[in-house]
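Enquirer: The following file, data30.txt, comprises compact mmCIF, C-alpha atoms:
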```txt
# COMPACT_ATOMS: atom_id res chain seq x y z
CA MET A 9 93.47 141.96 126.02
CA ALA A 10 95.75 144.29 124.06
CA VAL A 11 95.51 148.09 124.11
CA ASP A 12 95.05 149.59 120.65
CA LEU A 13 96.61 152.95 120.00
CA LEU A 14 95.55 155.86 117.79
CA LEU A 15 97.85 158.76 117.01
CA GLY A 16 98.69 161.39 114.43
CA LEU A 17 101.56 160.91 111.99
CA GLN A 18 102.14 164.50 110.89
CA TRP A 19 102.28 167.88 112.70
CA GLY A 20 98.91 167.40 114.37
CA ASP A 21 95.43 168.35 113.15
CA GLU A 22 95.11 165.06 111.26
CA GLY A 23 91.52 164.37 112.35
CA LYS A 24 92.15 162.04 115.29
CA GLY A 25 89.04 163.12 117.17
CA LYS A 26 86.72 162.04 114.37
CA ILE A 27 88.33 158.60 114.07
CA VAL A 28 88.27 158.00 117.83
CA ASP A 29 84.59 158.88 117.74
CA VAL A 30 84.03 156.45 114.85
CA LEU A 31 85.96 153.64 116.56
CA THR A 32 84.63 154.13 120.11
CA ARG A 33 81.72 151.74 119.60
CA ASN A 34 84.35 148.94 119.42
CA TYR A 35 85.94 149.79 122.80
CA ASP A 36 85.02 149.80 126.46
CA ILE A 37 87.54 152.47 127.46
CA ILE A 38 89.06 155.49 125.66
CA ALA A 39 92.20 156.85 127.36
CA ARG A 40 94.09 160.07 126.56
CA PHE A 41 97.80 159.60 127.25
CA GLN A 42 99.59 162.95 126.73
CA GLY A 43 99.24 166.64 125.91
CA GLY A 44 96.65 168.99 127.29
CA PRO A 45 94.47 171.89 126.18
CA ASN A 46 96.90 172.61 123.34
CA ALA A 47 95.05 169.79 121.56
CA GLY A 48 91.90 170.44 119.58
CA HIS A 49 89.95 167.34 118.58
CA THR A 50 86.99 168.24 116.37
CA LEU A 51 83.97 165.96 116.06
CA ILE A 52 80.96 166.63 113.81
CA PHE A 53 77.75 164.64 113.95
CA ASP A 54 74.01 165.32 113.79
CA GLY A 55 74.82 168.72 112.30
CA THR A 56 76.72 169.89 115.38
CA LYS A 57 80.43 170.65 115.76
CA HIS A 58 82.17 169.73 119.01
CA VAL A 59 85.76 170.61 119.94
CA LEU A 60 87.47 168.75 122.78
CA HIS A 61 90.82 169.79 124.24
CA THR A 62 91.51 167.50 127.19
CA ILE A 63 88.53 165.18 127.45
CA PRO A 64 88.83 161.92 125.45
CA SER A 65 86.89 161.84 122.18
CA GLY A 66 84.74 158.90 123.30
CA ILE A 67 82.74 161.07 125.69
CA PHE A 68 79.72 161.25 123.36
CA HIS A 69 79.17 157.49 123.55
CA LYS A 70 77.15 156.37 126.58
CA THR A 71 78.75 152.93 126.78
CA ALA A 72 82.41 154.04 126.87
CA LEU A 73 84.48 154.96 129.90
CA ASN A 74 86.84 157.87 129.29
CA VAL A 75 90.15 158.16 131.15
CA VAL A 76 92.45 161.19 131.30
CA GLY A 77 95.82 159.53 131.87
CA ASN A 78 98.82 160.47 133.97
CA GLY A 79 100.71 161.82 130.93
CA VAL A 80 98.12 164.55 130.36
CA VAL A 81 98.36 168.07 131.79
CA ILE A 82 95.07 169.64 132.87
CA ASP A 83 94.08 173.29 133.07
CA PRO A 84 91.07 173.34 135.46
CA VAL A 85 89.80 176.57 133.86
CA ILE A 86 89.65 175.13 130.34
CA PHE A 87 88.49 171.75 131.64
CA LYS A 88 85.54 173.43 133.37
CA LYS A 89 84.55 175.14 130.10
CA GLU A 90 84.73 171.79 128.29
CA LEU A 91 82.42 170.24 130.86
CA GLU A 92 79.99 173.15 130.59
CA ASN A 93 79.87 172.66 126.82
CA LEU A 94 78.99 169.02 127.41
CA ASP A 95 76.22 170.14 129.79
CA LYS A 96 74.58 171.97 126.86
CA HIS A 97 74.17 168.62 125.13
CA ASN A 98 73.03 166.73 128.24
CA ILE A 99 76.13 164.53 128.31
CA ASP A 100 76.38 162.66 131.63
CA TYR A 101 80.12 162.75 132.26
CA THR A 102 79.98 162.23 136.03
CA SER A 103 79.90 158.45 135.64
CA ASN A 104 82.02 157.91 132.53
CA LEU A 105 84.88 160.42 132.86
CA LEU A 106 87.76 159.41 135.13
CA ILE A 107 90.87 161.47 135.95
CA SER A 108 94.30 160.10 136.82
CA ARG A 109 95.62 161.32 140.15
CA LYS A 110 99.07 161.50 138.58
CA ALA A 111 98.04 163.96 135.83
CA HIS A 112 99.71 167.35 136.34
CA LEU A 113 97.85 170.62 136.78
CA ILE A 114 98.40 173.78 134.74
CA LEU A 115 98.46 176.77 137.07
CA PRO A 116 97.65 180.35 136.00
CA THR A 117 101.31 181.25 136.41
CA HIS A 118 102.29 178.45 134.01
CA ARG A 119 100.38 180.33 131.31
CA LEU A 120 102.11 183.60 132.28
CA LEU A 121 105.53 181.93 132.06
CA ASP A 122 104.60 180.50 128.66
CA ALA A 123 103.61 183.93 127.34
CA ALA A 124 106.73 185.61 128.77
CA SER A 125 109.05 182.94 127.36
CA GLU A 126 107.50 183.08 123.88
CA THR A 127 107.47 186.89 123.77
CA SER A 128 111.11 187.09 124.84
CA LYS A 129 112.18 184.95 121.86
CA GLY A 130 111.10 187.54 119.30
CA LYS A 131 111.52 186.18 115.78
CA ALA A 132 112.79 182.86 117.19
CA LYS A 133 109.32 181.96 118.55
CA ILE A 134 108.49 178.26 118.39
CA GLY A 135 104.76 178.86 117.89
CA SER A 136 103.54 177.94 121.36
CA THR A 137 99.77 177.79 121.91
CA LEU A 138 100.41 179.81 125.12
CA LYS A 139 98.36 177.32 127.16
CA GLY A 140 101.11 176.80 129.76
CA ILE A 141 101.93 173.33 128.48
CA GLY A 142 105.72 173.72 128.30
CA PRO A 143 106.20 175.26 131.77
CA THR A 144 103.92 172.59 133.29
CA TYR A 145 105.97 169.75 131.79
CA MET A 146 109.13 171.57 132.92
CA ASP A 147 107.81 171.55 136.48
CA LYS A 148 106.93 167.88 136.07
CA THR A 149 110.45 166.89 135.03
CA GLY A 150 111.91 169.34 137.55
CA ARG A 151 109.91 167.58 140.28
CA ASN A 152 108.10 170.75 141.32
CA GLY A 153 104.69 170.15 139.76
CA MET A 154 101.23 169.87 141.24
CA ARG A 155 99.15 166.82 140.41
CA VAL A 156 95.45 166.08 140.48
CA GLY A 157 95.95 163.82 143.50
CA ASP A 158 97.34 166.77 145.46
CA LEU A 159 93.83 168.28 145.42
CA GLU A 160 92.76 165.50 147.82
CA LEU A 161 95.35 166.62 150.39
CA ASP A 162 94.53 169.07 153.18
CA ASN A 163 97.48 171.31 152.36
CA TRP A 164 97.02 171.49 148.58
CA LYS A 165 96.45 175.27 148.67
CA GLU A 166 99.76 175.75 150.48
CA ARG A 167 101.49 173.79 147.71
CA TYR A 168 99.76 175.93 145.13
CA ASP A 169 100.79 179.17 146.83
CA SER A 170 104.40 178.03 147.13
CA LEU A 171 104.67 177.09 143.45
CA THR A 172 102.90 180.28 142.36
CA GLU A 173 105.35 182.38 144.37
CA LYS A 174 108.25 180.60 142.68
CA HIS A 175 106.74 181.25 139.24
CA LEU A 176 106.27 184.97 139.96
CA LYS A 177 109.96 185.26 140.81
CA MET A 178 110.82 183.44 137.56
CA LEU A 179 108.77 185.96 135.57
CA ASN A 180 111.24 188.66 136.64
CA PHE A 181 113.98 186.93 134.65
CA PHE A 182 112.19 187.70 131.36
CA ASP A 183 112.85 191.18 130.03
CA VAL A 184 109.27 191.57 128.79
CA GLN A 185 106.09 193.12 130.12
CA ILE A 186 103.18 190.73 130.68
CA ASP A 187 99.95 192.34 131.89
CA TYR A 188 97.87 190.18 134.21
CA ASP A 189 95.52 190.27 137.20
CA LEU A 190 96.60 187.35 139.39
CA LYS A 191 93.56 187.58 141.68
CA GLU A 192 91.24 187.28 138.70
CA LEU A 193 93.24 184.37 137.26
CA GLU A 194 93.27 182.60 140.63
CA ALA A 195 89.51 183.02 141.06
CA GLU A 196 88.97 181.28 137.72
CA PHE A 197 91.45 178.57 138.67
CA LEU A 198 89.79 177.86 142.02
CA ASN A 199 86.37 177.62 140.36
CA GLY A 200 87.88 175.18 137.89
CA VAL A 201 89.37 173.10 140.70
CA LYS A 202 85.98 173.01 142.42
CA LYS A 203 84.40 171.62 139.25
CA LEU A 204 87.26 169.17 138.68
CA LYS A 205 86.82 167.76 142.20
CA THR A 206 83.25 166.71 141.36
CA LEU A 207 84.72 164.03 139.07
CA GLN A 208 86.17 160.68 140.07
CA PHE A 209 89.95 160.58 140.57
CA ILE A 210 91.59 157.21 140.01
CA ASP A 211 94.95 155.47 140.19
CA SER A 212 94.84 155.12 136.42
CA GLU A 213 97.66 152.63 135.94
CA GLU A 214 96.01 150.20 138.37
CA PHE A 215 92.60 150.83 136.80
CA LEU A 216 93.78 150.22 133.24
CA ASN A 217 95.89 147.15 134.01
CA SER A 218 92.97 145.64 135.91
CA ALA A 219 90.74 146.37 132.91
CA ILE A 220 93.23 144.61 130.62
CA LYS A 221 93.18 141.51 132.86
CA GLU A 222 89.37 141.59 132.83
CA GLY A 223 89.37 141.50 129.03
CA LYS A 224 88.16 145.06 128.54
CA SER A 225 88.94 146.66 125.18
CA ILE A 226 90.95 149.89 125.40
CA LEU A 227 91.81 152.54 122.82
CA ALA A 228 94.64 154.92 123.74
CA GLU A 229 94.15 158.37 122.19
CA GLY A 230 97.09 160.62 121.38
CA ALA A 231 97.16 164.36 120.82
CA GLN A 232 99.20 166.56 118.45
CA GLY A 233 101.27 164.51 115.95
CA SER A 234 104.40 162.39 115.70
CA LEU A 235 106.45 165.17 114.06
CA LEU A 236 105.79 167.27 117.18
CA ASP A 237 107.24 164.64 119.54
CA ILE A 238 109.73 166.13 122.01
CA ASP A 239 112.35 163.50 121.04
CA PHE A 240 111.51 162.55 117.46
CA GLY A 241 109.84 165.67 116.11
CA THR A 242 111.28 168.72 114.34
CA TYR A 243 112.97 170.03 117.47
CA PRO A 244 112.82 172.71 118.85
CA PHE A 245 109.54 173.39 117.03
CA VAL A 246 107.76 170.63 118.92
CA THR A 247 105.44 170.09 121.85
CA SER A 248 106.62 169.14 125.34
CA SER A 249 105.45 165.52 125.49
CA ASN A 250 106.00 162.22 123.71
CA THR A 251 103.32 162.08 121.03
CA THR A 252 104.58 158.78 119.59
CA ALA A 253 103.56 155.24 120.54
CA ALA A 254 106.06 155.01 123.40
CA GLY A 255 104.24 157.92 125.06
CA ALA A 256 101.16 155.73 125.48
CA CYS A 257 103.12 153.41 127.76
CA THR A 258 104.50 156.16 129.99
CA GLY A 259 101.32 158.24 129.73
CA LEU A 260 99.02 155.45 130.88
CA GLY A 261 101.24 153.05 132.83
CA ILE A 262 100.84 150.14 130.45
CA ALA A 263 103.65 147.83 129.34
CA PRO A 264 104.93 147.84 125.72
CA ASN A 265 103.86 144.23 125.23
CA ARG A 266 100.26 145.29 125.93
CA ILE A 267 100.09 147.38 122.74
CA GLY A 268 98.03 145.78 119.96
CA ASP A 269 97.09 147.63 116.78
CA VAL A 270 98.58 151.07 116.15
CA PHE A 271 96.27 153.24 114.06
CA GLY A 272 98.15 156.02 112.27
CA ILE A 273 96.11 159.02 111.12
CA PHE A 274 97.33 161.26 108.31
CA LYS A 275 95.90 163.82 105.93
CA ALA A 276 95.95 163.23 102.17
CA TYR A 277 98.14 166.32 102.12
CA THR A 278 100.20 167.99 104.89
CA THR A 279 99.53 170.93 107.21
CA ARG A 280 101.41 172.66 109.98
CA VAL A 281 100.45 175.38 112.50
CA GLY A 282 102.99 177.86 113.82
CA SER A 283 106.73 177.95 113.25
CA GLY A 284 109.12 175.25 112.09
CA PRO A 285 110.44 173.64 108.90
CA PHE A 286 107.95 172.28 106.35
CA PRO A 287 109.67 170.90 103.22
CA THR A 288 106.54 170.45 101.07
CA GLU A 289 104.86 173.74 102.03
CA LEU A 290 103.07 175.49 99.17
CA PHE A 291 102.98 179.25 98.68
CA ASP A 292 100.89 179.16 95.51
CA GLU A 293 97.27 178.77 94.44
CA ASP A 294 97.32 175.02 95.19
CA GLY A 295 98.22 175.70 98.82
CA ALA A 296 95.58 178.41 99.09
CA THR A 297 92.96 176.03 97.66
CA MET A 298 93.84 173.31 100.19
CA ALA A 299 93.50 175.83 103.04
CA LYS A 300 90.18 177.16 101.80
CA VAL A 301 88.50 173.86 100.91
CA GLY A 302 89.93 172.08 103.97
CA HIS A 303 88.96 174.91 106.38
CA GLU A 304 92.51 174.80 107.67
CA PHE A 305 92.36 176.78 110.89
CA GLY A 306 93.57 175.46 114.25
CA ALA A 307 90.78 174.05 116.45
CA THR A 308 92.55 175.36 119.56
CA THR A 309 94.16 178.61 118.44
CA GLY A 310 92.20 179.53 115.32
CA ARG A 311 95.50 180.19 113.57
CA PRO A 312 95.63 179.47 109.81
CA ARG A 313 97.44 176.25 108.95
CA ARG A 314 100.26 176.12 106.43
CA CYS A 315 99.48 173.63 103.64
CA GLY A 316 101.57 171.46 101.33
CA TRP A 317 101.73 168.20 99.40
CA LEU A 318 101.93 164.87 101.19
CA ASP A 319 105.44 164.23 102.53
CA LEU A 320 105.99 160.49 102.22
CA VAL A 321 109.53 160.71 103.65
CA ALA A 322 108.15 162.11 106.90
CA LEU A 323 105.14 159.74 106.83
CA LYS A 324 107.33 156.63 106.50
CA TYR A 325 109.47 157.91 109.37
CA ALA A 326 106.39 158.27 111.59
CA VAL A 327 105.15 154.81 110.56
CA ASP A 328 108.47 153.28 111.61
CA VAL A 329 108.83 155.17 114.89
CA ASN A 330 105.30 154.20 115.96
CA GLY A 331 105.08 150.66 114.58
CA VAL A 332 101.89 151.56 112.71
CA THR A 333 99.75 148.57 111.71
CA GLN A 334 96.86 150.40 110.02
CA LEU A 335 96.73 153.74 108.21
CA MET A 336 93.72 156.04 108.04
CA MET A 337 93.71 158.81 105.43
CA MET A 338 91.76 161.97 106.21
CA LYS A 339 90.44 164.76 103.98
CA GLY A 340 90.64 162.90 100.69
CA ASP A 341 87.71 165.06 99.59
CA VAL A 342 89.83 168.23 99.86
CA LEU A 343 92.01 167.07 96.95
CA SER A 344 89.06 166.73 94.57
CA GLY A 345 89.44 169.13 91.66
CA PHE A 346 93.23 169.20 91.35
CA ASN A 347 94.40 168.21 87.86
CA THR A 348 97.74 166.97 89.20
CA LEU A 349 98.68 165.78 92.68
CA LYS A 350 102.18 165.42 94.06
CA ILE A 351 103.76 163.24 96.74
CA CYS A 352 107.24 163.96 98.07
CA THR A 353 109.18 160.69 97.76
CA SER A 354 112.73 161.81 98.57
CA TYR A 355 114.81 164.75 99.77
CA ASN A 356 117.92 166.38 98.40
CA TYR A 357 119.97 166.76 101.58
CA LYS A 358 123.32 168.52 101.42
CA GLY A 359 123.84 167.43 97.82
CA GLU A 360 122.68 163.84 98.30
CA GLU A 361 119.30 162.25 97.51
CA ILE A 362 117.91 160.50 100.59
CA SER A 363 114.60 158.81 101.42
CA HIS A 364 114.77 159.09 105.22
CA LEU A 365 114.11 162.00 107.57
CA PRO A 366 117.48 163.58 108.44
CA TYR A 367 118.51 165.40 111.61
CA ASN A 368 117.75 168.81 110.15
CA ILE A 369 115.09 169.62 107.54
CA GLU A 370 115.50 173.38 107.49
CA PRO A 371 115.12 174.79 103.94
CA GLU A 372 118.82 175.60 103.63
CA ASN A 373 119.56 171.87 103.96
CA VAL A 374 116.60 170.20 102.24
CA SER A 375 114.74 170.38 98.94
CA VAL A 376 112.17 167.83 97.81
CA ASN A 377 111.59 165.46 94.89
CA TYR A 378 108.02 164.71 93.84
CA THR A 379 106.15 161.90 92.14
CA GLU A 380 103.10 163.16 90.25
CA PHE A 381 99.63 161.61 90.07
CA LYS A 382 96.50 162.33 88.07
CA GLY A 383 93.85 164.06 90.12
CA TRP A 384 90.10 163.47 90.24
CA LYS A 385 87.10 165.76 89.84
CA ASP A 386 84.53 163.62 91.68
CA ASP A 387 82.73 164.95 94.76
CA LEU A 388 83.64 162.36 97.40
CA THR A 389 81.49 163.75 100.19
CA LYS A 390 78.35 161.80 99.23
CA MET A 391 80.16 158.48 98.70
CA THR A 392 79.53 155.72 101.23
CA SER A 393 81.52 152.70 100.01
CA ALA A 394 85.02 152.00 98.72
CA ASN A 395 83.82 150.84 95.30
CA GLU A 396 82.44 154.33 94.61
CA LEU A 397 85.85 156.00 95.01
CA PRO A 398 87.49 157.21 91.76
CA GLN A 399 90.32 155.10 90.32
CA ASN A 400 92.83 157.95 90.49
CA LEU A 401 92.21 158.22 94.24
CA MET A 402 92.64 154.47 94.62
CA ASP A 403 95.96 154.71 92.72
CA TYR A 404 97.04 157.48 95.10
CA VAL A 405 96.15 155.30 98.12
CA ALA A 406 97.79 152.20 96.60
CA PHE A 407 101.06 154.09 96.15
CA ILE A 408 101.04 155.13 99.82
CA GLU A 409 100.35 151.54 100.89
CA LYS A 410 103.16 150.20 98.72
CA GLU A 411 105.71 152.74 99.97
CA THR A 412 104.83 152.44 103.68
CA GLY A 413 104.06 148.72 103.69
CA VAL A 414 100.93 149.42 105.73
CA PRO A 415 97.28 149.13 104.57
CA VAL A 416 95.03 152.19 104.43
CA LYS A 417 91.92 150.93 106.22
CA ILE A 418 89.90 154.14 106.32
CA VAL A 419 89.44 156.95 103.80
CA SER A 420 87.63 159.98 105.21
CA VAL A 421 85.54 161.93 102.68
CA GLY A 422 84.13 164.67 104.90
CA PRO A 423 84.07 165.99 108.48
CA ASP A 424 80.95 164.15 109.67
CA ARG A 425 81.33 160.78 111.38
CA LYS A 426 79.13 159.29 108.63
CA GLN A 427 81.57 160.42 105.92
CA THR A 428 83.98 157.60 106.72
CA ILE A 429 84.70 154.81 104.24
CA LEU A 430 86.05 151.53 105.60
CA ARG A 431 88.29 149.47 103.32
```
I need this file expressed as structure tokens, please.
Expert:
Amino acid sequence: MAVDLLLGLQWGDEGKGKIVDVLTRNYDIIARFQGGPNAGHTLIFDGTKHVLHTIPSGIFHKTALNVVGNGVVIDPVIFKKELENLDKHNIDYTSNLLISRKAHLILPTHRLLDAASETSKGKAKIGSTLKGIGPTYMDKTGRNGMRVGDLELDNWKERYDSLTEKHLKMLNFFDVQIDYDLKELEAEFLNGVKKLKTLQFIDSEEFLNSAIKEGKSILAEGAQGSLLDIDFGTYPFVTSSNTTAAGACTGLGIAPNRIGDVFGIFKAYTTRVGSGPFPTELFDEDGATMAKVGHEFGATTGRPRRCGWLDLVALKYAVDVNGVTQLMMMKGDVLSGFNTLKICTSYNYKGEEISHLPYNIEPENVSVNYTEFKGWKDDLTKMTSANELPQNLMDYVAFIEKETGVPVKIVSVGPDRKQTILR
């Protein structure tokens, strides 16, 4: 049985959580493969909004097993809060939430290092979520990190103390003042660890490969977006993990030839949180309207998102890098009411027109060329089938399909799981 893969094709915030929730009924197992509490997957159903950061988005379905893979980094403090939020809704996660022993742990001092590093950069900040993600992945690649499986060892606290001491010495290298109460932070951390240890730890690569051999259906869930990939994103304004399809293999321990369909999620326009280049960013009334109608605020940080027209150059790049087989367009309803819509179809790069994503897309090197489309006035939020969608929207979708060579199988017309049109 192949493992299907779902990931974002822009700078994150594409609506992955909703689509995982919609698709979960078709799968036995939902597995997160990278990132950590810097992710914010929002799900809305039965009039209630849920935001998940580390827990897979299939947790609200009783029949699905949810696996936090080895490529994920876990903050026990935030994880505990997520579990407590699930308790409010009587979600039984003790039997259907499994944690990889090889997933790395975010320590309190990882968050302190993150804050000190970002503060020291001044105007050159990369827009970190300050969740300790970067320092944790640095410890992972530096072979110093703590993993979930270490919590089963008798001397895990000694390992924690040793790494914490090292981090405190590293803080002295930053010429900034970070106020903190380590005893208070550690008390929270230890409570989080206690809660985490009530869950089942597994050797996730063995578990998932056995499930594949047994014919179980698996959906791998990514976090952030392809343009934030540590290798293929807009470096250095990226996250610290591989958010692209290859990251599912290393983040779950599955072979490349086990990957089946690759579902690529994108917004009908483009958004970005934090710093970094954004060629189609709007600073006018159109951008303000997108932000207002689309409620464009980060699910994790609450920061306002920058908004702009759809960047087809970047989208085609992400489709190629990930081997996308099906596209899913989110927030089509947000574009209702615009008289004219635009899609970026090429860049002017150092005096030459190009249709691929170059090494550097900073504004001094890149300007954009647009193709214009007629907008639509229809309220899409009450529509339930593809034949109700306005022709101008269908023309917009058809152009994207033609340019990418990939079918758009889902058009989302609202935040609720029911506001999802299958094509």
Enquirer: Using all atoms listed in the file, list the residues that have an atom at most 9 Å from (83.0, 152.9, 103.1), coordinates as in the file, as a ChimeraX atom specification.
Expert: /A:391-396,418-420,427-431
Enquirer: Could you give me, as a PyMOL selection string, the residues within 10 Å of Lys350 in chain A, counting only C-alpha atoms and dropping anything in the same chain fewer than 2 positions from it?
Expert: chain A and resi 277+288+316-319+348+352-353+377-383+404
Enquirer: Find the residue from A:Arg33, A:Lys324, A:Lys385, A:Lys203 that sits nearest to Ser344 in chain A; use only C-alpha atoms when measuring.
Expert: A:Lys385
Enquirer: Pick the closest to Leu115 in chain A from A:Asn163, A:Thr137, A:Thr149, A:Ser170: which is it, counting all atoms listed in the file?
Expert: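 Closest residue, counting all atoms listed in the file: A:Ser170.
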Enquirer: Could you jot down the CA of Glu166 in chain A to CA of Leu204 in chain A separation for me, Å, one decimal place?
Expert: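 Computed distance, CA of Glu166 in chain A to CA of Leu204 in chain A, equals 18.4 Å.
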Enquirer: Tell me, as a count of residues only, which residues lie within 12 Å of Lys165 in chain A, counting all atoms listed in the file; anything in the same chain fewer than 5 positions away does not count.
Expert: 12
Enquirer: What does the structure give for the distance between CA of Ala124 in chain A and CA of Asp183 in chain A, in Å to one decimal?
Expert: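 For CA of Ala124 in chain A relative to CA of Asp183 in chain A, the distance reads 8.4 Å.
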Enquirer: Rounded to one decimal, what separation in Å do you get between CA of Thr278 in chain A and CA of Phe245 in chain A?
Expert: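 Going from CA of Thr278 in chain A over to CA of Phe245 in chain A, I get 16.2 Å.
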Enquirer: Which residue out of A:Ser136, A:Thr144, A:Asn330, A:Thr297 has the minimum interatomic distance to Asn250 in chain A when only C-alpha atoms are used?
Expert: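 Using only C-alpha atoms, Asn250 in chain A sits closest to A:Asn330.
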Enquirer: Assuming 8 Å of padding per side, give the centre and edge lengths of the axis-aligned box around every listed atom of range 324-334 of chain A, in Å to one decimal and as AutoDock Vina command-line options.
Expert:
```
--center_x 103.2 --center_y 153.4 --center_z 111.2 --size_x 28.6 --size_y 25.7 --size_z 25.5
```
Enquirer: Show me, as a ChimeraX atom specification, the residues that have an atom within 9 Å of Ala123 in chain A when counting only C-alpha atoms, minus same-chain residues fewer than 2 positions from it.
Expert: /A:118-121,125-128,136,138-140,186
Enquirer: Go ahead and save the picked residues with C-alpha atoms, as an mmCIF file, in the frame of the given file.
Expert:
```
data_model
loop_
_atom_site.group_PDB
_atom_site.id
_atom_site.type_symbol
_atom_site.label_atom_id
_atom_site.label_comp_id
_atom_site.auth_asym_id
_atom_site.auth_seq_id
_atom_site.Cartn_x
_atom_site.Cartn_y
_atom_site.Cartn_z
ATOM 1 C CA HIS A 118 102.290 178.450 134.010
ATOM 2 C CA ARG A 119 100.380 180.330 131.310
ATOM 3 C CA LEU A 120 102.110 183.600 132.280
ATOM 4 C CA LEU A 121 105.530 181.930 132.060
ATOM 5 C CA SER A 125 109.050 182.940 127.360
ATOM 6 C CA GLU A 126 107.500 183.080 123.880
ATOM 7 C CA THR A 127 107.470 186.890 123.770
ATOM 8 C CA SER A 128 111.110 187.090 124.840
ATOM 9 C CA SER A 136 103.540 177.940 121.360
ATOM 10 C CA LEU A 138 100.410 179.810 125.120
ATOM 11 C CA LYS A 139 98.360 177.320 127.160
ATOM 12 C CA GLY A 140 101.110 176.800 129.760
ATOM 13 C CA ILE A 186 103.180 190.730 130.680
#
```
Enquirer: So that I can see what lies close to range 232-236 of chain A, please list as a ChimeraX atom specification the residues with an atom at most 8 Å from it, counting all atoms listed in the file and leaving out residues fewer than 2 positions away in the same chain.
Expert: /A:15-22,43,47,230,238,240-243,245-247,251-252,322,326
Enquirer: Report as JSON, numbers by chain all protein, DNA and RNA residues lying within 7 Å of range 25-27 of chain A, evaluated on only C-alpha atoms, omitting residues in the same chain fewer than 2 positions from it.
Expert: {"A": [23, 29, 30, 31, 49, 50, 51, 65, 425]}
Enquirer: So, with all atoms listed in the file as the atoms that count, which of A:Gly153, A:Gly259, A:Gly44, A:Pro371 lies closest to Asn78 in chain A?
Expert: A:Gly259
Enquirer: Which residue gives the smallest distance to Asn34 in chain A among A:Thr71, A:Asn152, A:Ser248, A:Thr117, with only C-alpha atoms counted?
Expert: A:Thr71
Enquirer: Under the rule that all atoms listed in the file are counted, which of A:Met338, A:Ala39, A:Ile114, A:Ala228 is the nearest residue to Met146 in chain A?
Expert: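 Smallest distance to Met146 in chain A is found for A:Ile114.
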Enquirer: May I ask you to restore N, CA and C atoms in range 56-70 of chain A and write the result as a compact mmCIF listing (two decimals), in the frame of the given file?
Expert:
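As a result, selection.txt now contains:
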```
# COMPACT_ATOMS: atom_id res chain seq x y z
N THR A 56 76.12 169.08 114.33
CA THR A 56 76.72 169.89 115.38
C THR A 56 78.22 169.66 115.46
N LYS A 57 78.97 170.74 115.63
CA LYS A 57 80.43 170.65 115.76
C LYS A 57 80.82 170.70 117.22
N HIS A 58 81.66 169.76 117.64
CA HIS A 58 82.17 169.73 119.01
C HIS A 58 83.69 169.76 118.97
N VAL A 59 84.30 170.57 119.84
CA VAL A 59 85.76 170.61 119.94
C VAL A 59 86.17 170.25 121.36
N LEU A 60 86.96 169.18 121.48
CA LEU A 60 87.47 168.75 122.78
C LEU A 60 88.96 169.08 122.86
N HIS A 61 89.41 169.44 124.05
CA HIS A 61 90.82 169.79 124.24
C HIS A 61 91.54 168.80 125.15
N THR A 62 90.89 168.41 126.22
CA THR A 62 91.51 167.50 127.19
C THR A 62 90.72 166.22 127.37
N ILE A 63 89.41 166.32 127.25
CA ILE A 63 88.53 165.18 127.45
C ILE A 63 88.65 164.20 126.28
N PRO A 64 88.74 162.91 126.54
CA PRO A 64 88.83 161.92 125.45
C PRO A 64 87.64 162.01 124.50
N SER A 65 87.90 161.66 123.24
CA SER A 65 86.89 161.84 122.18
C SER A 65 85.78 160.79 122.20
N GLY A 66 85.81 159.88 123.16
CA GLY A 66 84.74 158.90 123.30
C GLY A 66 83.61 159.35 124.20
N ILE A 67 83.67 160.60 124.66
CA ILE A 67 82.74 161.07 125.69
C ILE A 67 81.29 161.12 125.20
N PHE A 68 81.09 161.15 123.88
CA PHE A 68 79.72 161.25 123.36
C PHE A 68 79.04 159.89 123.21
N HIS A 69 79.74 158.83 123.60
CA HIS A 69 79.17 157.49 123.55
C HIS A 69 78.85 157.03 124.98
N LYS A 70 77.60 156.69 125.23
CA LYS A 70 77.15 156.37 126.58
C LYS A 70 77.82 155.12 127.16
```
